[in-house]
Amino acid sequence: MRLTKILPALALIALPTMGISQEADVTPPNEEIGYILTSFMFLVTGFLVMWMAAGFTMLEAGLVRQKNTTMQLMKNVSLFSLAAIMYYLVGYNLMYPGDGWSIPGWLGAFGFAAMEPVGLAETETDLTYASVGSDFYFQLMFCATTASIVSGTLAERIKLWPFLIFTAALTGLIYPIQASWKWGGGFLDANLGFLDFAGSTVVHSVGGWAALAGALILGPRLGKYKDGRVNPMPGANLPLATLGTFILWMGWFGFNGGSQLYMDTAGNIADISRIFANTNTAAAGGALAALITTQLMYKKPDLTMVLNGALAGLVSITAEPLTPSLGAATLIGAVGGVLVVFAVPFLDKLKIDDVVGAIPVHLVCGIWGTFAVVLTNPDATLYGQIASILIVGAFVFVTSAAVWMILKATMGIRVSEEDEINGLDTAELGMEAYPEFAKG
Amino acid sequence: MRLTKILPALALIALPTMGISQEADVTPPNEEIGYILTSFMFLVTGFLVMWMAAGFTMLEAGLVRQKNTTMQLMKNVSLFSLAAIMYYLVGYNLMYPGDGWSIPGWLGAFGFAAMEPVGLAETETDLTYASVGSDFYFQLMFCATTASIVSGTLAERIKLWPFLIFTAALTGLIYPIQASWKWGGGFLDANLGFLDFAGSTVVHSVGGWAALAGALILGPRLGKYKDGRVNPMPGANLPLATLGTFILWMGWFGFNGGSQLYMDTAGNIADISRIFANTNTAAAGGALAALITTQLMYKKPDLTMVLNGALAGLVSITAEPLTPSLGAATLIGAVGGVLVVFAVPFLDKLKIDDVVGAIPVHLVCGIWGTFAVVLTNPDATLYGQIASILIVGAFVFVTSAAVWMILKATMGIRVSEEDEINGLDTAELGMEAYPEFAKG
Amino acid sequence: MRLTKILPALALIALPTMGISQEADVTPPNEEIGYILTSFMFLVTGFLVMWMAAGFTMLEAGLVRQKNTTMQLMKNVSLFSLAAIMYYLVGYNLMYPGDGWSIPGWLGAFGFAAMEPVGLAETETDLTYASVGSDFYFQLMFCATTASIVSGTLAERIKLWPFLIFTAALTGLIYPIQASWKWGGGFLDANLGFLDFAGSTVVHSVGGWAALAGALILGPRLGKYKDGRVNPMPGANLPLATLGTFILWMGWFGFNGGSQLYMDTAGNIADISRIFANTNTAAAGGALAALITTQLMYKKPDLTMVLNGALAGLVSITAEPLTPSLGAATLIGAVGGVLVVFAVPFLDKLKIDDVVGAIPVHLVCGIWGTFAVVLTNPDATLYGQIASILIVGAFVFVTSAAVWMILKATMGIRVSEEDEINGLDTAELGMEAYPEFAKG
């Protein structure tokens with residue numbers, strides 16, 4: 001850091017405060033270089049989103065009890081793997097059918113994903129966007145994220161295989177179909193003017209709705225709600241949970257930043273930069289809001305709430321990380337952090353047992369973030385946002401509930417009482433996560 | 001890796017061994033692409049530096065005792081969040097006032113940070129550097145790093161809220177003001193010719209001075225120094241501490257590499273590449289030096305010293321990661337690794353209780369690294385380096401001590417003896433980090 | 001994610017399915033920008049490969065028993081550091097001698113690695129590839145990876161210093177010499193037409209052969225094979241092992257993607273994108289295959305096998321991550337996942353004690369992956385692949401065995417029975433990894 005910088009002054013120059021990055025008169029300086037830059041941006045932001053799978057795994061492994069830890073690890077590694085395969089087999093073309101919709105605007109195309117041939121000749125290729133391989137890689141990670149959200153809520157009592165079958169349905173069909181309605185150019189995008197930049201609704205609330213349907217059908221853990229009291233079941237390893245939160249925080253720069261979709265002009269990179277900074281400050285706002293709220297409410301600040309507060313801030317800014325100023329982004333995140341502190345006990349009041357707080361974070365704040373778009377982006381309409389939240393929510397909740405109920409009726413989704421008490425690790429897997437540490 | 005490479009030979013071509021990357025006659029091939037590349041470089045290196053916050057958290061959570069682990073996690077998540085907000089509210093403009101100094105060369109400008117408008121039109125913008133958003137994001141992470149250093153030293157006995165208030169003062173005022181003297185173009189830069197590429201002094205020694213002031217005013221942990229003996233209090237989770245070290249090592253490529261500040265020419269990317277390689281080899285040199293030194297001194301190599309040796313190597317190379325050869329960088333790092341092995345018991349002799357060894361690593365090696373600039377960079381003067389170390393040190397130590405003493409006199413900074421013995425987790429937070437593991 | 005994308009359709013356009021990325025008539029749009037892009041790509045993919053060192057460390061620290069954890073951490077931090085120094089001192093020029101071979105095609109050049117001078121003047125430089133600094137940084141990480149493979153197999157019984165001396169020989173001599181035969185343009189590359197894109201043979205099987213030689217000479221852990229039974233010795237911390245696997249998975253995008261070696265044209269970035277996607281799907285295929293296979297074979301799925309299955313998929317695709325389609329890559333990875341499930345008990349039948357399963361993953365799947373090149377890449381010949389596997393294997397096994405035997409004869413490589421029973425942490429290091437957790 002060697003040179004005096006005069007750039008802060010630049011921020012004061014009066015420029016139109018709104019604009020569209022891909023206006024017709026903004027041409028990238030060189031098309032092929034723009035193609036390289038955008039594709040590489042997808043790969044970098046994509047590996048950050050892939051890293052979020054590790055974040056969810058560590059967060060959830062830290063927040064379950066010792067006796068269910070191996071199972072939680074198993075579910076998360078398996079769901080990420082399964083999402084990768086399902087999105088390739090079905091999901092990608094369902095979500096981005098291009099001109100090949102099965103039912104225009106409503107149902108995409110069926111078929112395997114295919115990338116460019118090796119050694120692409122640039123003269124024969126459209127270079128205005130990015131490589132299909134980089135786009136596929138990036139979008140796949142969003143699909144996997146949706147599935148990761150579900151595993152935390154249903155931990156400590158769901159069987160492995162029904163969970164994985166649900167994951168296949170979610171990542172192969174449910175997620176991509178509703179995502180096509182917005183990001184594939186379907187009816188929510190074309191007719192309702194729905195705005196959801198990186199997926200407060202399309203990703204996070206979808207994971208939340210699927211988890212909610214599962215939690216209702218699966219029921220709470222044994223002994224969680226007993227004699228009118230909520231029995232706390234604290235997580236076994238808080239450093240892991242904190243590590244998971246930091247990983248998610250880091251990965252979210254890719255999640256929101258990459259959703260700009262182009263890095264071929266100065267306008268686009270400046271927008272991506274705004275998004276990185278806004279994403280960070282929203283997480284910070286959420287964490288501090290949860291810290292202060294729990295201090296005031298309970299006299300003792302609560303680490304798991306602070307972690308969930310950071311995640312709440314991240315989910316809240318995801319629907320619109322670009323248009324807010326740093327101050328507005330901080331506040332949007334802070335509201336998310338407060339919402340989580342109230343939503344967690346509220347769910348308990350309803351006897352909905354969400355082991356890691358995924359429904360408060362991803363569903364409640366996903367809805368809040370989608371609303372909040374209208375506060376800073378004049379292109380958003382309250383009607384379009386609300387209608388889309390309801391349509392997506394109804395579709396995902398109903399289809400998820402149907403899948404859960406079929407699984408429950410056929411193979412069963414819940415382990416036996418004895419297995420639940422002994423822990424899933426010994427019962428279902430025969431392998432303890434920490435075999436040498438004595439139980440306290 | 002398919003093609004035979006003849007590049008090593010290239011390294012032998014006689015070229016001037018010193019130069020300045022941004023000479024007037026070195027024009028980037030395309031201004032807008034240069035702007036995109038430099039901005040993207042800031043985002044990538046910036047998320048690596050952000051990741052260092054997780055590294056400090058894991059390192060410190062692994063090196064404290066079990067009963068204080070939740071608190072250490074809480075402090076680190078909170079301080080990172082707080083740094084993000086303070087740097088936005090005050091720090092950024094204080095550090096980079098441009099032409100708007102309150103006291104020219106000494107005190108920057110007051111005001112919130114502001115980024116470019118959305119959808120920047122490149123024709124109206126100066127494209128010679130990078131987006132303000134990317135610059136803000138990158139610089140913010142340096143500010144947060146400074147605060148992370150302090151939390152380790154003062155662990156296991158400081159109260160949460162006074163610590164956070166100090167963090168607000170450090171990240172909003174103390175850090176940015178002194179950083180403006182060098183990186184904002186203030187008097188150390190303009191008048192003393194001070195050279196500190198990525199902040200051995202501006203970041204690391206600053207964290208170290210603030211920690212030292214705190215440690216002196218806070219006092220050692222109960223029972224640490226008793227009957228003339230130093231009572232070892234080993235960390236509860238060495239895999240976590242090792243993970244934290246690897247995270248820091250990885251993040252440091254961003255810390256030093258991004259400080260090149262430009263990636264728009266072949267000269268700049270070649271320099272960034274040198275910096276990555278030198279940063280890595282200095283860490284390796286520090287780790288191996290600590291390994292060998294502890295083997296020779298104690299007959300048994302000491303893992304925590306090897307971890308701190310790696311970090312010592314990283315701090316040592318931070319003031320000048322560009323001009324040394326690979327061999328010189330290795331040696332600079334190795335000296336840091338040896339220094340740490342001697343500085344840790346020396347601090348104990350002075351009864352200064354530094355839980356994680358942050359003062360040896362960041363202050364002692366920060367000073368060493370700042371000196372070492374004169375060994376490989378002919379532009380550095382011994383006078384300029386020493387004077388700057390002293391000026392920055394005096395400013396940070398005195399202001400930090402003042403804040404600590406005010407906090408001590410008003411709200412108190414230390415938990416009660418009973419709480420300290422029982423552990424901060426139960427006493428202050430009511431939440432254990434590993435509730436199910438029996439204590440040995 | 002705002003715009004409707006029509007790119008999937010693009011994937012269907014008929015283009016030649018094979019080609020060579022660096023054909024003479026494919027010129028990058030701008031040479032200096034190409035140089036910047038390729039160099040930056042090496043730095044980004046390089047830090048991902050560096051991160052794999054943390055992945056191996058966490059994987060191995062999670063899979064050893066508690067009493068040997070500190071030692072496993074120590075070995076991994078030290079070996080990475082040592083690899084960095086040895087590759088600088090000897091390895092890099094041995095591996096990439098350019099025109100300066102000591103024995104043409106067989107033995108490279110001796111001398112320290114040297115990077116470009118600071119402030120490179122682009123007019124005097126060849127800008128057709130990448131900066132030497134970025135290339136050195138990237139290649140160094142491959143060398144370190146090879147050494148990381150060995151430490152897992154030999155855990156829980158080998159002494160620290162002989163292990164490190166072997167590491168010096170491996171990273172300074174054995175690895176670079178055989179790597180020069182392929183990647184330095186030596187005889188395997190020039191005369192046998194051997195294809196190994198990112199190193200299923202050159203890196204992974206080499207680590208595996210060195211580990212196998214060590215395991216045979218070192219012998220199994222006490223009590224591992226007793227009375228004709230295999231005594232399971234489960235790892236102490238499965239969340240750590242899972243974290244390590246995710247880290248390796250993430251780092252592998254850099255490992256395989258960066259091995260494209262160029263990012264200066266649309267064709268190259270499209271190829272890198274393919275590689276990222278194929279690498280991910282191969283890991284997913286390996287994990288799911290191991291999940292299903294262990295469910296069918298043992299009625300209970302096995303987490304450590306699923307983790308090793310993911311790694312097996314990654315190793316399997318490493319020799320050719322570019323030419324397979326997504327479906328073929330999935331299958332290549334899945335075969336690797338199945339192989340591991342059978343190879344682990346097979347090794348036990350031979351009484352070869354491999355603590356973490358590194359030989360099944362890196363050697364068995366390294367060989368499988370090298371064979372599999374002929375399935376999707378018409379440029380590969382079965383003869384060239386098999387001959388190269390045998391030549392590299394013989395060289396590495398024999399030289400490694402020689403080094404191990406010299407070490408055994410001189411300083412001894414194995415700790416005493418008493419030390420092995422008490423654990424290496426107390427005996428050799430005097431430092432426990434989890435000193436406060438009671439043993440169960």
# chains A, B, ... in the order shown; residues from 1 in each chain; ligands from 1

$ residues_around --residues "Ser148 in chain C" --least-positions-apart "6" --cutoff "12 Å" --atoms "only C-alpha atoms" --output "number ranges by chain"
C: 49-60, 72-83, 141-142, 154-155, 163-164, 166-167, 170-171, 203-204, 206-208, 210-211, 248, 356, 358, 362

$ closest_atom_pairs --of "chain B" --to "chain A" --cutoff "6 Å" --atoms "only C-alpha atoms" --output "tab-separated table"
residue	atom	partner	partner_atom	distance
B:Ile36	CA	A:Ala266	CA	5.8
B:Ala54	CA	A:Phe246	CA	5.9
B:Met74	CA	A:Leu303	CA	5.9
B:Ser81	CA	A:Ala284	CA	4.1
B:Gly98	CA	A:Ile6	CA	4.3
B:Ala114	CA	A:Ala11	CA	5.8
B:Met115	CA	A:Ala11	CA	5.5
B:Glu116	CA	A:Ala11	CA	5.4
B:Pro117	CA	A:Thr17	CA	4.8
B:Val118	CA	A:Met18	CA	5.4
B:Gly119	CA	A:Ser21	CA	4.7
B:Leu120	CA	A:Gly267	CA	4.5
B:Glu122	CA	A:Ala266	CA	5.9
B:Ser131	CA	A:Ala270	CA	5.3
B:Gly133	CA	A:Ser273	CA	4.7
B:Ser134	CA	A:Ser273	CA	4.8
B:Tyr137	CA	A:Ala277	CA	5.5
B:Gly184	CA	A:Thr4	CA	5.2
B:Gly185	CA	A:Thr4	CA	4.6
B:Phe197	CA	A:Met1	CA	5.6
B:Ala198	CA	A:Met1	CA	6.0
B:Ser259	CA	A:Met1	CA	4.7
B:Leu429	CA	A:Lys300	CA	5.4
B:Ala433	CA	A:Leu238	CA	4.9
B:Tyr434	CA	A:Asn237	CA	5.1
B:Pro435	CA	A:Ala236	CA	5.9
B:Glu436	CA	A:Gly440	CA	5.0
B:Phe437	CA	A:Gly440	CA	4.9
B:Ala438	CA	A:Gly440	CA	3.7

$ write_last_selection --atoms "N, CA and C atoms" --output "PDB file, in the first residue's frame"
ATOM      1  N   ILE B  36     -10.629  -3.104 -14.266  1.00  0.00           N
ATOM      2  CA  ILE B  36     -11.335  -4.340 -13.901  1.00  0.00           C
ATOM      3  C   ILE B  36     -10.384  -5.295 -13.186  1.00  0.00           C
ATOM      4  N   ALA B  54     -11.233 -15.528  10.448  1.00  0.00           N
ATOM      5  CA  ALA B  54     -11.517 -16.904  10.880  1.00  0.00           C
ATOM      6  C   ALA B  54     -10.248 -17.561  11.404  1.00  0.00           C
ATOM      7  N   MET B  74     -16.886 -15.557  20.679  1.00  0.00           N
ATOM      8  CA  MET B  74     -17.767 -14.383  20.716  1.00  0.00           C
ATOM      9  C   MET B  74     -16.988 -13.098  20.450  1.00  0.00           C
ATOM     10  N   SER B  81     -17.131  -7.804  13.239  1.00  0.00           N
ATOM     11  CA  SER B  81     -18.350  -7.084  12.851  1.00  0.00           C
ATOM     12  C   SER B  81     -18.240  -5.602  13.196  1.00  0.00           C
ATOM     13  N   GLY B  98      -7.636  11.796   1.030  1.00  0.00           N
ATOM     14  CA  GLY B  98      -7.443  12.439  -0.264  1.00  0.00           C
ATOM     15  C   GLY B  98      -6.967  13.864  -0.065  1.00  0.00           C
ATOM     16  N   ALA B 114     -18.312   6.142   1.139  1.00  0.00           N
ATOM     17  CA  ALA B 114     -19.320   6.025   0.076  1.00  0.00           C
ATOM     18  C   ALA B 114     -18.679   5.414  -1.157  1.00  0.00           C
ATOM     19  N   MET B 115     -19.400   4.524  -1.783  1.00  0.00           N
ATOM     20  CA  MET B 115     -18.868   3.837  -2.965  1.00  0.00           C
ATOM     21  C   MET B 115     -19.413   4.473  -4.235  1.00  0.00           C
ATOM     22  N   GLU B 116     -18.988   3.952  -5.361  1.00  0.00           N
ATOM     23  CA  GLU B 116     -19.526   4.442  -6.629  1.00  0.00           C
ATOM     24  C   GLU B 116     -21.026   4.191  -6.684  1.00  0.00           C
ATOM     25  N   PRO B 117     -21.713   4.987  -7.497  1.00  0.00           N
ATOM     26  CA  PRO B 117     -23.117   4.694  -7.757  1.00  0.00           C
ATOM     27  C   PRO B 117     -23.250   3.381  -8.524  1.00  0.00           C
ATOM     28  N   VAL B 118     -24.413   2.812  -8.442  1.00  0.00           N
ATOM     29  CA  VAL B 118     -24.701   1.590  -9.187  1.00  0.00           C
ATOM     30  C   VAL B 118     -24.646   1.876 -10.682  1.00  0.00           C
ATOM     31  N   GLY B 119     -24.106   0.933 -11.416  1.00  0.00           N
ATOM     32  CA  GLY B 119     -24.118   1.069 -12.875  1.00  0.00           C
ATOM     33  C   GLY B 119     -23.246   2.195 -13.379  1.00  0.00           C
ATOM     34  N   LEU B 120     -22.147   2.350 -12.719  1.00  0.00           N
ATOM     35  CA  LEU B 120     -21.119   3.322 -13.085  1.00  0.00           C
ATOM     36  C   LEU B 120     -20.960   3.466 -14.601  1.00  0.00           C
ATOM     37  N   GLU B 122     -18.534   4.311 -17.370  1.00  0.00           N
ATOM     38  CA  GLU B 122     -17.074   4.400 -17.352  1.00  0.00           C
ATOM     39  C   GLU B 122     -16.539   5.658 -18.024  1.00  0.00           C
ATOM     40  N   SER B 131     -12.003   0.308  -8.361  1.00  0.00           N
ATOM     41  CA  SER B 131     -13.277   0.789  -7.840  1.00  0.00           C
ATOM     42  C   SER B 131     -13.143   1.120  -6.358  1.00  0.00           C
ATOM     43  N   GLY B 133     -15.360   0.690  -4.148  1.00  0.00           N
ATOM     44  CA  GLY B 133     -15.918  -0.433  -3.385  1.00  0.00           C
ATOM     45  C   GLY B 133     -14.880  -1.502  -3.102  1.00  0.00           C
ATOM     46  N   SER B 134     -14.080  -1.834  -4.114  1.00  0.00           N
ATOM     47  CA  SER B 134     -13.073  -2.885  -3.912  1.00  0.00           C
ATOM     48  C   SER B 134     -11.969  -2.405  -2.988  1.00  0.00           C
ATOM     49  N   TYR B 137     -13.335  -2.392   0.564  1.00  0.00           N
ATOM     50  CA  TYR B 137     -13.445  -3.778   1.040  1.00  0.00           C
ATOM     51  C   TYR B 137     -12.083  -4.315   1.478  1.00  0.00           C
ATOM     52  N   GLY B 184      -2.118   6.884   3.860  1.00  0.00           N
ATOM     53  CA  GLY B 184      -2.955   7.981   3.379  1.00  0.00           C
ATOM     54  C   GLY B 184      -2.106   9.119   2.825  1.00  0.00           C
ATOM     55  N   GLY B 185      -0.782   8.937   2.815  1.00  0.00           N
ATOM     56  CA  GLY B 185       0.104   9.974   2.294  1.00  0.00           C
ATOM     57  C   GLY B 185       0.475  11.025   3.321  1.00  0.00           C
ATOM     58  N   PHE B 197       5.417  -1.948   3.271  1.00  0.00           N
ATOM     59  CA  PHE B 197       4.631  -2.380   2.114  1.00  0.00           C
ATOM     60  C   PHE B 197       3.217  -2.811   2.484  1.00  0.00           C
ATOM     61  N   ALA B 198       3.102  -3.809   3.369  1.00  0.00           N
ATOM     62  CA  ALA B 198       1.775  -4.310   3.706  1.00  0.00           C
ATOM     63  C   ALA B 198       1.481  -4.218   5.198  1.00  0.00           C
ATOM     64  N   SER B 259      -1.449  -5.764  -1.551  1.00  0.00           N
ATOM     65  CA  SER B 259      -0.834  -4.478  -1.234  1.00  0.00           C
ATOM     66  C   SER B 259       0.040  -3.926  -2.364  1.00  0.00           C
ATOM     67  N   LEU B 429     -21.368 -15.791  29.750  1.00  0.00           N
ATOM     68  CA  LEU B 429     -22.220 -16.135  28.605  1.00  0.00           C
ATOM     69  C   LEU B 429     -23.228 -17.235  28.895  1.00  0.00           C
ATOM     70  N   ALA B 433     -18.535 -24.264  25.401  1.00  0.00           N
ATOM     71  CA  ALA B 433     -18.131 -24.541  24.021  1.00  0.00           C
ATOM     72  C   ALA B 433     -18.228 -26.025  23.696  1.00  0.00           C
ATOM     73  N   TYR B 434     -17.929 -26.865  24.675  1.00  0.00           N
ATOM     74  CA  TYR B 434     -17.954 -28.319  24.482  1.00  0.00           C
ATOM     75  C   TYR B 434     -18.762 -28.931  25.625  1.00  0.00           C
ATOM     76  N   PRO B 435     -20.069 -28.728  25.648  1.00  0.00           N
ATOM     77  CA  PRO B 435     -20.822 -29.082  26.855  1.00  0.00           C
ATOM     78  C   PRO B 435     -20.866 -30.573  27.154  1.00  0.00           C
ATOM     79  N   GLU B 436     -20.604 -31.401  26.161  1.00  0.00           N
ATOM     80  CA  GLU B 436     -20.774 -32.836  26.380  1.00  0.00           C
ATOM     81  C   GLU B 436     -19.484 -33.577  26.697  1.00  0.00           C
ATOM     82  N   PHE B 437     -18.351 -32.904  26.545  1.00  0.00           N
ATOM     83  CA  PHE B 437     -17.091 -33.602  26.782  1.00  0.00           C
ATOM     84  C   PHE B 437     -16.694 -33.479  28.242  1.00  0.00           C
ATOM     85  N   ALA B 438     -16.435 -34.614  28.875  1.00  0.00           N
ATOM     86  CA  ALA B 438     -16.026 -34.600  30.270  1.00  0.00           C
ATOM     87  C   ALA B 438     -14.670 -33.927  30.406  1.00  0.00           C
TER      88      ALA B 438
END

$ select_by_dssp --residues "range 231-367 of chain C" --states "helix (DSSP H, G or I)" --output "VMD selection string"
chain C and resid 238 to 258 266 to 298 303 to 318 326 to 349 358 to 367

$ closest_residue --among "B:Ala380, B:Ile421, B:Ala168, B:Ile406" --to "Lys224 in chain B" --atoms "only C-alpha atoms"
B:Ile421

$ residues_around --residues "Arg221 in chain B" --least-positions-apart "4" --cutoff "12 Å" --atoms "only C-alpha atoms" --output "VMD selection string"
chain B and resid 64 to 65 153 to 158 215 to 216 225 to 226 230 to 233 348 351 to 355 414 to 417 419 to 421 423

$ residues_around --residues "Ser102 in chain C" --least-positions-apart "6" --cutoff "12 Å" --atoms "only C-alpha atoms" --output "number ranges by chain"
C: 93-96, 108-111, 177, 180, 186

$ write_last_selection --atoms "all heavy atoms" --output "mmCIF file, in the first residue's frame"
data_model
loop_
_atom_site.group_PDB
_atom_site.id
_atom_site.type_symbol
_atom_site.label_atom_id
_atom_site.label_comp_id
_atom_site.auth_asym_id
_atom_site.auth_seq_id
_atom_site.Cartn_x
_atom_site.Cartn_y
_atom_site.Cartn_z
ATOM 1 N N ASN C 93 14.317 -26.229 -10.499
ATOM 2 C CA ASN C 93 15.177 -26.334 -11.684
ATOM 3 C C ASN C 93 15.414 -27.779 -12.111
ATOM 4 O O ASN C 93 15.648 -28.037 -13.297
ATOM 5 C CB ASN C 93 16.514 -25.626 -11.447
ATOM 6 C CG ASN C 93 16.368 -24.125 -11.556
ATOM 7 O OD1 ASN C 93 15.565 -23.628 -12.343
ATOM 8 N ND2 ASN C 93 17.103 -23.401 -10.746
ATOM 9 N N LEU C 94 15.332 -28.690 -11.157
ATOM 10 C CA LEU C 94 15.396 -30.110 -11.540
ATOM 11 C C LEU C 94 14.185 -30.479 -12.389
ATOM 12 O O LEU C 94 14.280 -31.273 -13.321
ATOM 13 C CB LEU C 94 15.397 -30.990 -10.287
ATOM 14 C CG LEU C 94 16.728 -31.464 -9.751
ATOM 15 C CD1 LEU C 94 16.505 -32.405 -8.573
ATOM 16 C CD2 LEU C 94 17.558 -32.158 -10.836
ATOM 17 N N MET C 95 13.046 -29.902 -12.033
ATOM 18 C CA MET C 95 11.792 -30.271 -12.683
ATOM 19 C C MET C 95 11.610 -29.563 -14.010
ATOM 20 O O MET C 95 11.079 -30.122 -14.959
ATOM 21 C CB MET C 95 10.634 -29.953 -11.736
ATOM 22 C CG MET C 95 9.279 -30.392 -12.228
ATOM 23 S SD MET C 95 8.100 -30.407 -10.843
ATOM 24 C CE MET C 95 6.554 -30.369 -11.744
ATOM 25 N N TYR C 96 12.017 -28.301 -14.073
ATOM 26 C CA TYR C 96 11.864 -27.506 -15.298
ATOM 27 C C TYR C 96 13.214 -26.963 -15.730
ATOM 28 O O TYR C 96 13.510 -25.786 -15.545
ATOM 29 C CB TYR C 96 10.895 -26.346 -15.061
ATOM 30 C CG TYR C 96 9.488 -26.797 -14.763
ATOM 31 C CD1 TYR C 96 8.924 -26.602 -13.511
ATOM 32 C CD2 TYR C 96 8.718 -27.411 -15.754
ATOM 33 C CE1 TYR C 96 7.631 -27.022 -13.240
ATOM 34 C CE2 TYR C 96 7.430 -27.831 -15.493
ATOM 35 C CZ TYR C 96 6.893 -27.629 -14.232
ATOM 36 O OH TYR C 96 5.619 -28.039 -13.973
ATOM 37 N N GLY C 108 17.355 -33.047 -14.692
ATOM 38 C CA GLY C 108 17.277 -31.603 -14.901
ATOM 39 C C GLY C 108 18.514 -30.843 -14.480
ATOM 40 O O GLY C 108 19.621 -31.386 -14.460
ATOM 41 N N ALA C 109 18.304 -29.578 -14.123
ATOM 42 C CA ALA C 109 19.412 -28.694 -13.790
ATOM 43 C C ALA C 109 19.475 -28.452 -12.287
ATOM 44 O O ALA C 109 18.467 -28.535 -11.596
ATOM 45 C CB ALA C 109 19.238 -27.369 -14.512
ATOM 46 N N PHE C 110 20.657 -28.160 -11.800
ATOM 47 C CA PHE C 110 20.814 -27.843 -10.385
ATOM 48 C C PHE C 110 21.010 -26.345 -10.202
ATOM 49 O O PHE C 110 21.722 -25.699 -10.975
ATOM 50 C CB PHE C 110 21.998 -28.624 -9.787
ATOM 51 C CG PHE C 110 21.699 -30.096 -9.659
ATOM 52 C CD1 PHE C 110 21.997 -30.973 -10.699
ATOM 53 C CD2 PHE C 110 21.069 -30.591 -8.531
ATOM 54 C CE1 PHE C 110 21.703 -32.325 -10.600
ATOM 55 C CE2 PHE C 110 20.760 -31.947 -8.420
ATOM 56 C CZ PHE C 110 21.083 -32.815 -9.461
ATOM 57 N N GLY C 111 20.366 -25.802 -9.201
ATOM 58 C CA GLY C 111 20.480 -24.364 -8.935
ATOM 59 C C GLY C 111 19.231 -23.859 -8.248
ATOM 60 O O GLY C 111 18.182 -24.497 -8.304
ATOM 61 N N ILE C 177 12.539 -35.005 -10.064
ATOM 62 C CA ILE C 177 13.198 -35.741 -11.151
ATOM 63 C C ILE C 177 12.168 -36.473 -12.004
ATOM 64 O O ILE C 177 12.133 -36.339 -13.236
ATOM 65 C CB ILE C 177 14.258 -36.717 -10.594
ATOM 66 C CG1 ILE C 177 15.475 -35.925 -10.093
ATOM 67 C CG2 ILE C 177 14.674 -37.736 -11.658
ATOM 68 C CD1 ILE C 177 16.514 -36.762 -9.364
ATOM 69 N N SER C 180 10.022 -34.139 -14.001
ATOM 70 C CA SER C 180 10.669 -33.555 -15.185
ATOM 71 C C SER C 180 10.515 -34.464 -16.406
ATOM 72 O O SER C 180 10.495 -33.986 -17.534
ATOM 73 C CB SER C 180 12.154 -33.309 -14.910
ATOM 74 O OG SER C 180 12.888 -34.533 -14.942
ATOM 75 N N GLY C 186 10.688 -34.172 -20.454
ATOM 76 C CA GLY C 186 11.642 -35.276 -20.528
ATOM 77 C C GLY C 186 11.146 -36.450 -21.357
ATOM 78 O O GLY C 186 10.212 -36.313 -22.151
#

$ closest_residue --among "A:Ala319, A:Phe112, A:Ser205, A:Phe346" --to "Ala147 in chain A" --atoms "only C-alpha atoms"
A:Ser205
